[in-house]
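A quick write-up on the structure given underneath.
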Amino acid sequence: MKRIILTIVVISLTLIFVPGQAEAATSFTIAPEIQRMNGSTDYTMEISEFIGRAGTIPLIWTLKSELKFPLDLNMAGICVGLTSTPAKFRPWSIEAAIYTNISDPSVKMEDHDWQAMNWFFNEKFSFTKSDAMVKATMIDFEATLDFYREKTFSVSLLGGFRYYHVKQDIVGYEGWYRPFDATNLIFLGPISVQGDEKAIFYKVTYRLPKGGIRIKTLGTGRLMFQADAAYTRVMFSDFDDHILRGKTATCDGSGHGVMAKAVVRYLFEPVLLGRRPFVALSIDFAELNASGEQTQEWYKDEGYEDPDTGEWIGVEAGDVFPGIPHEINSTISTISLRAGLEF
């Protein structure tokens with residue numbers, strides 16, 4: 001990423017100090033950008049299993065786990081764009097940007113667990129909160145082509161691709177769990193738990209091709225308003241290492257999402273060899289929903305030995321459980337400030 005940013009900066013500095021043509025067919029923009037991102041990724045796994053009968057009634061045991069990974073991050077990056085001027089062909093634009101986080105979340109990661117069996121019980125039996133240390137990278141590419149245009153108004157087809165990769169180290173935990181009384185089929189009172197070791201490592205990669213509409217208006221000639229709306233096909237891969245439990249979980253899945261953006265940009269008078277500074281404020285929203293089948297594999301024994309029979313109750317290292325239903329839902333809103341030059 002550092003090499004990409006350095007290349008963009010070198011090219012941009014060259015353009016700044018090379019005199020431009022009076023009537024160029026295209027305009028070039030470059031701008032550093034800061035973002036405040038808010039949101040979370042909800043990771044849900046649910047298992048249901050037939051465990052026997054009570055008379056003629058089949059007993060179905062269900063375990064549900066929900067992990068809520070925070071995404072309230074400060075991001076920084078750089079954006080470059082190329083826009084054609086109205087001429088013989090339909091006006092078009094392309095834009096590419098790359099970002100990385102410059103802060104960790106202030107909101108804690110949450111881990112919730114439930115168990116249920118028929119109508120006998122449906123109880124939340126565990127809850128913890130943990131600190132999250134995040135490394136995030138986002139690469140965005142967009143292209144537009146006008147299909148309707150007036151002097152101060154245009155409607156364009158919008159296409160693009162977003163790559164979003166997040167790694168999270170979940171450190172420490174504080175919360176409670178409720179032991180289960182198998183004889184009476186009830187959960188007992190909560191017991192506090194706390195620790196400071198690394199609990200989970202989680203990473204997810206989104207690949208998001210998108211298509212939609214962009215509407216752009218020019219107010220005073222310097223003030224521009226823009227609104228985007230797009231559908232995205234969600235494709236994801238994730239990996240979850242529950243370090244304390246000694247198991248990993250992997251999944252590839254797909255789904256659907258929507259994206260929307262509103263932008264206000266102001267273009268100043270030319271300075272610095274005719275280059276025009278600008279500032280832009282934008283609000284971006286994305287809702288992503290996807291699912292797949294997860295595979296869990298234990299690399300440590302988890303369970304206990306029955307003191308009466310000596311039988312191991314639980315799972316052993318090397319046990320693999322495929323085909324577990326898995327859902328990922330992400331909601332992300334972003335406020336961005338961009339300040340740059342138009343060539």
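In the structure tokens, the first chain shown is A, the next is B, and so on; residue numbers restart at 1 for each chain, and ligands run from 1 in the order shown.
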
May I have all residues of range 128-286 of chain A that DSSP, computed from the backbone, assigns to strand (DSSP E or B), given as a short mmCIF file (atom, residue, chain, number, x, y, z; two decimals) with C-alpha atoms, in the first residue's frame?
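Heads up, here's the output in states18.cif:
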```
data_model
loop_
_atom_site.label_atom_id
_atom_site.label_comp_id
_atom_site.auth_asym_id
_atom_site.auth_seq_id
_atom_site.Cartn_x
_atom_site.Cartn_y
_atom_site.Cartn_z
CA THR A 128 -18.66 -11.22 27.18
CA LYS A 129 -17.15 -7.93 26.02
CA SER A 130 -13.60 -7.56 24.72
CA ASP A 131 -11.23 -4.96 23.29
CA ALA A 132 -10.63 -5.06 19.54
CA MET A 133 -7.42 -4.16 17.71
CA VAL A 134 -8.12 -3.67 14.02
CA LYS A 135 -6.21 -3.50 10.75
CA ALA A 136 -8.47 -2.47 7.86
CA THR A 137 -7.79 -1.80 4.18
CA MET A 138 -10.33 -0.58 1.64
CA ILE A 139 -9.81 -0.09 -2.10
CA ASP A 140 -12.55 1.59 -4.12
CA PHE A 141 -12.93 1.92 -7.89
CA GLU A 142 -15.81 3.70 -9.65
CA ALA A 143 -16.64 4.61 -13.26
CA THR A 144 -19.56 6.59 -14.67
CA LEU A 145 -21.01 7.28 -18.11
CA ASP A 146 -23.61 10.01 -18.69
CA PHE A 147 -26.83 8.98 -20.38
CA TYR A 148 -28.74 12.24 -19.76
CA ARG A 149 -27.22 15.68 -19.42
CA PHE A 153 -27.65 18.55 -14.40
CA SER A 154 -26.58 15.02 -15.33
CA VAL A 155 -27.66 11.43 -14.75
CA SER A 156 -25.02 8.72 -15.15
CA LEU A 157 -24.70 4.97 -15.06
CA LEU A 158 -22.44 3.98 -12.16
CA GLY A 159 -20.29 0.86 -11.92
CA GLY A 160 -17.47 -0.11 -9.63
CA PHE A 161 -15.78 -2.52 -7.29
CA ARG A 162 -14.93 -2.30 -3.59
CA TYR A 163 -12.39 -4.51 -1.81
CA TYR A 164 -12.61 -4.44 1.98
CA HIS A 165 -10.32 -6.47 4.25
CA VAL A 166 -10.46 -6.40 8.05
CA LYS A 167 -8.36 -8.21 10.65
CA GLN A 168 -9.34 -8.08 14.32
CA ASP A 169 -7.40 -9.27 17.37
CA ILE A 170 -9.85 -9.66 20.24
CA VAL A 171 -8.01 -9.24 23.53
CA GLY A 172 -9.32 -9.82 27.05
CA TYR A 173 -12.88 -10.58 28.09
CA GLU A 174 -15.31 -9.62 30.82
CA GLY A 175 -18.82 -10.94 31.33
CA TRP A 176 -20.71 -13.94 32.65
CA TYR A 177 -21.97 -17.44 31.91
CA PHE A 180 -26.59 -25.80 32.83
CA ASP A 181 -28.33 -28.23 35.18
CA ILE A 186 -32.51 -25.26 33.74
CA PHE A 187 -29.71 -22.72 33.64
CA ILE A 191 -21.01 -16.58 37.20
CA SER A 192 -18.66 -13.71 36.40
CA VAL A 193 -15.70 -14.36 34.09
CA GLN A 194 -12.74 -12.15 33.30
CA GLY A 195 -9.35 -12.47 31.62
CA ASP A 196 -6.73 -10.44 29.78
CA GLU A 197 -5.35 -12.95 27.27
CA LYS A 198 -5.96 -12.92 23.53
CA ALA A 199 -9.32 -14.60 22.95
CA ILE A 200 -10.14 -14.49 19.21
CA PHE A 201 -8.52 -13.67 15.90
CA TYR A 202 -10.99 -12.82 13.13
CA LYS A 203 -10.54 -11.69 9.54
CA VAL A 204 -13.02 -11.10 6.74
CA THR A 205 -12.61 -10.07 3.12
CA TYR A 206 -15.44 -8.53 1.12
CA ARG A 207 -15.45 -8.35 -2.69
CA LEU A 208 -18.22 -6.00 -3.78
CA PRO A 209 -18.99 -5.35 -7.47
CA LYS A 210 -21.67 -2.69 -7.75
CA GLY A 211 -23.93 -0.99 -10.28
CA GLY A 212 -26.32 1.92 -9.98
CA ILE A 213 -27.15 5.53 -10.79
CA ARG A 214 -25.39 8.84 -10.10
CA ILE A 215 -27.20 12.19 -10.19
CA LYS A 216 -25.09 15.33 -10.24
CA THR A 217 -26.08 18.98 -10.20
CA LEU A 218 -24.04 22.19 -10.47
CA LEU A 223 -20.82 24.17 -5.93
CA MET A 224 -21.63 20.61 -6.91
CA PHE A 225 -24.13 18.18 -5.39
CA GLN A 226 -23.98 14.45 -6.08
CA ALA A 227 -26.16 11.50 -5.06
CA ASP A 228 -25.39 7.81 -5.72
CA ALA A 229 -27.50 4.70 -5.26
CA ALA A 230 -26.22 1.23 -6.10
CA TYR A 231 -26.84 -2.50 -5.69
CA THR A 232 -23.87 -4.68 -4.78
CA ARG A 233 -23.32 -8.41 -5.02
CA VAL A 234 -21.66 -9.46 -1.75
CA MET A 235 -18.94 -12.11 -1.83
CA PHE A 236 -17.03 -12.82 1.37
CA SER A 237 -14.43 -15.10 2.93
CA ASP A 238 -13.88 -15.20 6.68
CA PHE A 239 -11.70 -16.99 9.20
CA ASP A 240 -12.31 -17.16 12.94
CA ASP A 241 -9.81 -18.59 15.44
CA HIS A 242 -11.35 -19.07 18.90
CA LYS A 247 -10.99 -24.23 17.26
CA THR A 248 -11.11 -22.49 13.89
CA ALA A 249 -14.05 -21.69 11.62
CA THR A 250 -13.90 -20.84 7.91
CA CYS A 251 -16.56 -19.85 5.43
CA ASP A 252 -17.01 -18.58 1.87
CA GLY A 253 -20.40 -17.09 1.12
CA SER A 254 -22.40 -14.61 -0.90
CA GLY A 255 -25.37 -12.33 -0.66
CA HIS A 256 -26.69 -8.89 -1.52
CA GLY A 257 -26.29 -5.31 -0.41
CA VAL A 258 -27.07 -1.69 -1.09
CA MET A 259 -24.85 1.39 -1.12
CA ALA A 260 -25.73 5.08 -1.10
CA LYS A 261 -23.71 8.29 -1.06
CA ALA A 262 -24.32 12.04 -0.95
CA VAL A 263 -21.55 14.53 -1.78
CA VAL A 264 -21.19 18.31 -1.62
CA ARG A 265 -18.10 19.76 -3.36
CA TYR A 266 -16.88 23.36 -3.64
CA LEU A 267 -14.34 24.40 -6.30
CA VAL A 271 -4.12 28.94 -7.90
CA ARG A 275 -4.72 24.35 -10.58
CA ARG A 276 -8.05 24.65 -8.76
CA PRO A 277 -8.36 23.60 -5.10
CA PHE A 278 -11.56 21.95 -3.92
CA VAL A 279 -13.09 20.55 -0.75
CA ALA A 280 -15.74 17.85 -0.56
CA LEU A 281 -17.88 16.49 2.25
CA SER A 282 -19.64 13.15 1.78
CA ILE A 283 -21.88 10.74 3.65
CA ASP A 284 -21.72 7.07 2.65
CA PHE A 285 -23.93 4.15 3.73
CA ALA A 286 -23.61 0.41 3.06
#
```

Nearby residues (only C-alpha atoms) at most 10 Å from Thr83 in chain A, same-chain spacing under 2 positions excluded, as a PyMOL selection string: chain A and resi 25-29+81+85-86+91-95+143-144

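Of the listed residues A:Leu341, A:Met45, A:Ile34, A:Cys79, the one whose atoms come nearest to Ile324 in chain A is A:Met45, with distances taken using only C-alpha atoms.
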